[in-house]
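This report refers to the structure that appears directly beneath it.
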Amino acid sequence: MNKTIRRVSVFVLLLVLALLVRATWVQFYDGKALAYDNDNRRNAIQTYSQPLGNIIVAGNAVTGSARTAKSDLAYKRTYTDGKLYAAVTGYASQAYAPTQLEGIYQDLLNGTDSKLKNVMDTLTGKRADPGNVLTTIDPGVQKAAYRALGDKKGAAVAVDPKTGKILAAVSTPSYDPSSLTDANTAGSAWKQLNADKDKPLTNRALRQPLPPGSTFKLVVAAAALENGLYKNVGDPTDSPDPYIMPGTTRPLANENKSAPCKNASIRTALRYSCNNVFGHMAVQLGQDKVKAMAEKFGFNNDHQDVPVRAYASVYPSGMDKAQTALSGIGQFDVTATPLQMAMVSAAIANGGKLVSPHMVSQITDSGGDVLQNYDDSADSKEILSSATAEQLQSAMETVVKDGTGTNALIDGATVGGKTGTAQHGENNSKTPYAWFTSFAKSDSNGKEVAVAVMVEQSDAARSEVSGNGLAAPVAKAMMQAALK
């Protein structure tokens with residue numbers, strides 16, 4: 001064969017092989033990436049070619065699908081009581097990536113989840129009928145929280161201590177997910193929501209950790225009892241008043257100047273929310289022991305999935321002793337979500353056992369057959385001895401009966417709680433955050449609930465901002481609803 005022809009033939013063969021390799025690459029690698037690209041219009045067309053599955057609350061769908069007009073997207077998502085459940089459902093939008101449960105279970109709800117496919121569907125590539133998500137949310141508790149928060153900027157979470165079921169997750173101000181579902185109108189709604197200084201798209205219940213203030217004293221008290229620093233909540237503590245933080249000339253002042261905080265017992269210190277007691281106690285324990293206890297409750301967990309991933313609540317490391325004292329009263333760099341503080345009360349109420357919180361009970365196929373039952377797989381671990389838990393329950397009950405949390409009292413129920421007012425801004429220049437975490441047990445039907453409420457901002461005068469004044473009434477409304 002002519003040498004020139006042979007070289008051309010080899011070159012052409014190499015070109016053909018290169019084309020085959022490229023075609024294979026596009027088909028099996030780039031093709032998959034393109035298929036899942038958010039900008040691929042065909043994905044949206046397929047997703048909204050039929051009604052989506054639903055998110056269910058107490059047997060009723062709080063989502064739906066509606067026919068569109070003059071669009072290649074045949075259906076769009078709809079919501080019932082959208083503002084009420086926005087912190088649970090999130091949104092499924094023709095224009096934006098889905099969030100919250102809509103995002104976690106996107107494939108289940110649009111019928112592409114492999115768990116929905118039978119053998120024939122797998123062989124033919126046919127899209128299955130969409131499945132449904134059954135939540136643990138109690139509509140009565142959810143509504144009570146939403147109404148009680150009203151026009152306040154804040155959040156609330158309720159948990160069943162024995163099962164870990166999240167009965168309510170509310171964030172205010174809220175938004176209507178329906179405003180984001182239609183591609184033709186979502187853009188203007190998106191701009192408006194993101195420009196809002198109150199950040200309605202932020203899920204404050206799960207994803208906004210803030211200083212927990214004096215509610216964190218429960219964690220310090222638990223560490224003191226578990227580490228043997230004090231044996232009983234009634235024992236006097238070694239607590240000077242005023243307490244000068246180590247390495248400083250600054251006293252750790254108490255809000256109530258006349259409270260009997262000098263050498264106060266844990267019970268009395270929780271009742272009056274004595275800063276000197278818990279600041280000194282944190283220093284006595286050392287930050288490592290406080291941190292270890294905080295982490296047992298769930299702090300510093302970057303994978304707190306309920307199944308929506310909650311932001312980590314933080315107990316810091318590398319502090320000096322003065323900073324450790326401030327951490328003992330839930331200040332310095334300590335942060336927590338309402339979910340986290342509800343977990344603290346839940347573990348104490350449940351005899352020291354913390355059950356993993358979750359807001360989805362089951363996922364099912366279109367016919368109602370259960371694909372996965374999350375209630376059966378909730379983890380439970382003992383983080384406190386039952387003796388410590390019982391003592392803390394008793395001390396929290398004193399807070400509500402005779403201390404700073406009297407606005408949470410409920411007839412016919414045993415209620416324990418802890419208030420918190422966390423400083424905000426340099427030198428406490430901004431309005432403080434008001435907190436309340438609590439548990440309640442019905443005296444008649446045995447029902448139990450743990451709650452945490454955070455009020456970030458309200459129209460109350462600064463002097464009236466307190467956990468008992470702003471947050472405890474919200475918790476009371478939620479607990480009453482849960483115990484019915």
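Labeling convention for the structure tokens: chains A, B, ... as they appear, residues from 1 per chain, ligands from 1 in order of appearance.
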Using only C-alpha atoms, determine which residues lie at most 12 Å from Lys257 in chain A, disregarding the query and same-chain residues fewer than 6 positions distant; provide the list as a tab-separated table (two decimals) with all heavy atoms, in the first residue's frame.
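Listed below is the output, selection-v5.tsv:
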```tsv
chain	number	residue	atom	x	y	z
A	241	ASP	N	-20.99	36.02	95.01
A	241	ASP	CA	-21.82	37.05	94.37
A	241	ASP	C	-21.44	38.40	94.99
A	241	ASP	O	-21.72	38.62	96.18
A	241	ASP	CB	-23.31	36.76	94.58
A	241	ASP	CG	-24.20	37.71	93.80
A	241	ASP	OD1	-23.68	38.38	92.88
A	241	ASP	OD2	-25.41	37.78	94.10
A	242	PRO	N	-20.77	39.27	94.27
A	242	PRO	CA	-20.54	39.19	92.82
A	242	PRO	C	-19.43	38.21	92.46
A	242	PRO	O	-18.52	37.97	93.27
A	242	PRO	CB	-20.14	40.61	92.46
A	242	PRO	CG	-19.49	41.14	93.71
A	242	PRO	CD	-20.28	40.55	94.84
A	272	TYR	N	-34.11	31.57	89.81
A	272	TYR	CA	-33.85	33.00	89.68
A	272	TYR	C	-32.92	33.33	88.51
A	272	TYR	O	-32.61	34.49	88.28
A	272	TYR	CB	-33.24	33.54	90.98
A	272	TYR	CG	-34.20	33.57	92.14
A	272	TYR	CD1	-34.21	32.55	93.09
A	272	TYR	CD2	-35.11	34.62	92.30
A	272	TYR	CE1	-35.08	32.56	94.16
A	272	TYR	CE2	-35.99	34.64	93.37
A	272	TYR	CZ	-35.98	33.61	94.30
A	272	TYR	OH	-36.86	33.63	95.37
A	273	SER	N	-32.48	32.31	87.80
A	273	SER	CA	-31.57	32.46	86.67
A	273	SER	C	-30.30	33.22	87.08
A	273	SER	O	-29.94	34.25	86.49
A	273	SER	CB	-32.25	33.18	85.50
A	273	SER	OG	-31.63	32.84	84.28
A	274	CYS	N	-29.60	32.66	88.06
A	274	CYS	CA	-28.41	33.31	88.62
A	274	CYS	C	-27.20	33.11	87.70
A	274	CYS	O	-26.68	32.00	87.56
A	274	CYS	CB	-28.09	32.72	89.99
A	274	CYS	SG	-29.39	32.96	91.22
A	275	ASN	N	-26.73	34.20	87.13
A	275	ASN	CA	-25.58	34.14	86.23
A	275	ASN	C	-24.30	33.77	86.96
A	275	ASN	O	-23.46	33.03	86.44
A	275	ASN	CB	-25.39	35.48	85.51
A	275	ASN	CG	-26.48	35.76	84.52
A	275	ASN	OD1	-27.12	34.85	84.00
A	275	ASN	ND2	-26.71	37.04	84.23
A	276	ASN	N	-24.13	34.29	88.18
A	276	ASN	CA	-22.90	34.02	88.91
A	276	ASN	C	-22.71	32.53	89.17
A	276	ASN	O	-21.60	32.01	89.10
A	276	ASN	CB	-22.88	34.79	90.24
A	276	ASN	CG	-23.97	34.31	91.20
A	276	ASN	OD1	-25.14	34.29	90.83
A	276	ASN	ND2	-23.59	33.95	92.42
```
Quick one: everything within 6 Å of Thr215 in chain A, counting only C-alpha atoms, minus sequence neighbours fewer than 4 positions away in the same chain. Send it as an NGL selection string.
:A and (418-420)
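CA of Ser239 in chain A is found 5.6 Å from CA of Lys262 in chain A.
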List the spatial neighbours of range 311-318 of chain A as an mmCIF file with N, CA, C and O atoms, in the first residue's frame - criterion: any atom at most 6 Å away, only C-alpha atoms, same-chain residues fewer than 2 positions off excluded.
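The resulting selection19.cif:
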```cif
data_model
loop_
_atom_site.group_PDB
_atom_site.id
_atom_site.type_symbol
_atom_site.label_atom_id
_atom_site.label_comp_id
_atom_site.auth_asym_id
_atom_site.auth_seq_id
_atom_site.Cartn_x
_atom_site.Cartn_y
_atom_site.Cartn_z
ATOM 1 N N ARG A 207 -32.687 26.384 61.146
ATOM 2 C CA ARG A 207 -31.487 26.793 60.421
ATOM 3 C C ARG A 207 -30.995 28.199 60.779
ATOM 4 O O ARG A 207 -30.350 28.856 59.969
ATOM 5 N N PRO A 209 -29.086 29.379 64.149
ATOM 6 C CA PRO A 209 -28.599 29.302 65.529
ATOM 7 C C PRO A 209 -28.283 30.698 66.078
ATOM 8 O O PRO A 209 -27.627 31.500 65.412
ATOM 9 N N PHE A 299 -25.209 19.429 70.398
ATOM 10 C CA PHE A 299 -24.408 20.557 69.926
ATOM 11 C C PHE A 299 -23.226 20.058 69.099
ATOM 12 O O PHE A 299 -22.760 18.925 69.247
ATOM 13 N N ASN A 300 -22.747 20.920 68.210
ATOM 14 C CA ASN A 300 -21.591 20.647 67.342
ATOM 15 C C ASN A 300 -21.815 19.478 66.391
ATOM 16 O O ASN A 300 -20.857 18.875 65.896
ATOM 17 N N ASN A 301 -23.064 19.182 66.095
ATOM 18 C CA ASN A 301 -23.398 18.110 65.151
ATOM 19 C C ASN A 301 -23.691 18.722 63.786
ATOM 20 O O ASN A 301 -24.706 19.397 63.606
ATOM 21 N N ASP A 302 -22.802 18.485 62.844
ATOM 22 C CA ASP A 302 -22.973 19.045 61.500
ATOM 23 C C ASP A 302 -23.908 18.217 60.626
ATOM 24 O O ASP A 302 -24.142 18.563 59.472
ATOM 25 N N VAL A 334 -21.560 30.696 72.093
ATOM 26 C CA VAL A 334 -22.537 29.601 72.146
ATOM 27 C C VAL A 334 -23.746 29.984 71.294
ATOM 28 O O VAL A 334 -24.270 31.092 71.395
ATOM 29 N N THR A 335 -24.164 29.081 70.435
ATOM 30 C CA THR A 335 -25.370 29.304 69.633
ATOM 31 C C THR A 335 -26.229 28.044 69.631
ATOM 32 O O THR A 335 -25.718 26.936 69.811
ATOM 33 N N ALA A 336 -27.530 28.228 69.413
ATOM 34 C CA ALA A 336 -28.445 27.086 69.376
ATOM 35 C C ALA A 336 -29.649 27.420 68.521
ATOM 36 O O ALA A 336 -30.073 28.573 68.434
#
```
Give me the residues near range 67-76 of chain A as a PyMOL selection string, where near means some atom within 12 Å (using only C-alpha atoms) and where sequence neighbours in that chain fewer than 2 positions away do not count.
chain A and resi 41-53+63-65+78-79+91-95+110+177-186
Which of range 201-369 of chain A fall in strand (DSSP E), as a ChimeraX atom specification
/A:304-305,309-310,353-355,360-364
Pick out the residues sitting within 12 Å of Lys162 in chain A, and hand them over as a ChimeraX atom specification; count only C-alpha atoms, and ignore anything fewer than 3 positions along from it in its own chain.
/A:159,165-166,343,345-357,375,378-381,439,441,446-450
For Ala128 in chain A, find every residue with an atom within 10 Å (counting only C-alpha atoms), except residues of its own chain fewer than 5 positions away, and show them as a ChimeraX atom specification.
/A:108,110-118,121-122,365-366
With N, CA and C atoms retained, write the just-selected residues as a CSV table (one decimal), in the first residue's frame.
```csv
chain,number,residue,atom,x,y,z
A,108,LEU,N,-39.1,11.2,45.0
A,108,LEU,CA,-40.3,10.4,45.5
A,108,LEU,C,-41.6,11.2,45.0
A,110,ASN,N,-42.0,13.3,42.5
A,110,ASN,CA,-42.2,13.4,41.1
A,110,ASN,C,-42.2,12.1,40.4
A,111,GLY,N,-42.0,11.0,41.1
A,111,GLY,CA,-42.1,9.7,40.5
A,111,GLY,C,-40.9,9.1,40.0
A,112,THR,N,-39.7,9.7,40.2
A,112,THR,CA,-38.5,9.2,39.6
A,112,THR,C,-37.6,8.4,40.6
A,113,ASP,N,-38.1,8.3,41.8
A,113,ASP,CA,-37.4,7.5,42.9
A,113,ASP,C,-37.4,6.0,42.5
A,114,SER,N,-36.2,5.4,42.6
A,114,SER,CA,-36.2,3.9,42.2
A,114,SER,C,-37.0,3.1,43.1
A,115,LYS,N,-37.3,3.5,44.3
A,115,LYS,CA,-38.1,2.7,45.2
A,115,LYS,C,-39.5,2.6,44.7
A,116,LEU,N,-40.0,3.5,43.9
A,116,LEU,CA,-41.3,3.4,43.3
A,116,LEU,C,-41.5,2.5,42.2
A,117,LYS,N,-40.4,2.1,41.5
A,117,LYS,CA,-40.5,1.4,40.3
A,117,LYS,C,-40.6,-0.1,40.5
A,118,ASN,N,-41.5,-0.7,39.7
A,118,ASN,CA,-41.6,-2.2,39.7
A,118,ASN,C,-40.7,-2.7,38.6
A,121,ASP,N,-41.4,-1.2,35.1
A,121,ASP,CA,-41.0,0.2,35.1
A,121,ASP,C,-39.5,0.3,34.9
A,122,THR,N,-38.7,-0.6,35.5
A,122,THR,CA,-37.3,-0.5,35.4
A,122,THR,C,-36.8,-0.9,34.0
A,365,ASP,N,-45.9,4.7,48.5
A,365,ASP,CA,-46.1,4.8,47.1
A,365,ASP,C,-47.5,5.4,46.9
A,366,SER,N,-47.9,5.5,45.6
A,366,SER,CA,-49.2,6.1,45.3
A,366,SER,C,-50.4,5.4,45.8
```
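A straight line drawn from CA of Ala269 in chain A to CA of Asp443 in chain A is 27.0 Å long.
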Excluding Thr406 in chain A and residues on its chain fewer than 5 positions from it, collect all residues at most 9 Å away from it, counting only C-alpha atoms, and give them as an MDAnalysis selection string.
chainID A and resid 399:401 468 472
Residue selection dump (C-alpha atoms) as a PDB file, in the first residue's frame:
```pdb
ATOM      1  CA  VAL A 399     -38.927  27.599  87.613  1.00  0.00           C
ATOM      2  CA  VAL A 400     -42.495  27.452  86.314  1.00  0.00           C
ATOM      3  CA  LYS A 401     -44.251  27.254  89.686  1.00  0.00           C
ATOM      4  CA  ASN A 468     -41.254  34.659  80.421  1.00  0.00           C
ATOM      5  CA  ALA A 472     -43.328  31.365  77.538  1.00  0.00           C
TER       6      ALA A 472
END
```
Top pick for closest residue to Gly298 in chain A, considering A:Ala222, A:Leu339, A:Leu285, A:Val465 and counting only C-alpha atoms:
A:Leu339
Once DSSP has gone over the backbone, tell me which residues of range 302-375 of chain A are in alpha helix (DSSP H), as a ChimeraX atom specification.
/A:321-327,338-349
List as CSV every residue of range 305-380 of chain A that is in contact with range 101-106 of chain A, defined as an atom at most 9 Å from one of its atoms (using only C-alpha atoms), together with the nearest atom pair and the distance in Å rounded to one decimal, sorted by chain and then rising number.
```
residue,atom,partner,partner_atom,distance
A:Pro307,CA,A:Ile104,CA,7.4
A:Val308,CA,A:Leu101,CA,6.6
A:Val360,CA,A:Leu101,CA,8.8
```
Interatomic distance, CA of Gly213 in chain A to CA of Tyr230 in chain A (Å, one decimal)
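Rounded to one decimal, the two atoms are 22.3 Å apart.
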For each of A:Asn54, A:Thr237, A:Asn203, A:Thr421, take the minimum atom-to-atom distance to Ser171 in chain A, counting only C-alpha atoms, then give the residue where this is smallest.
A:Asn203
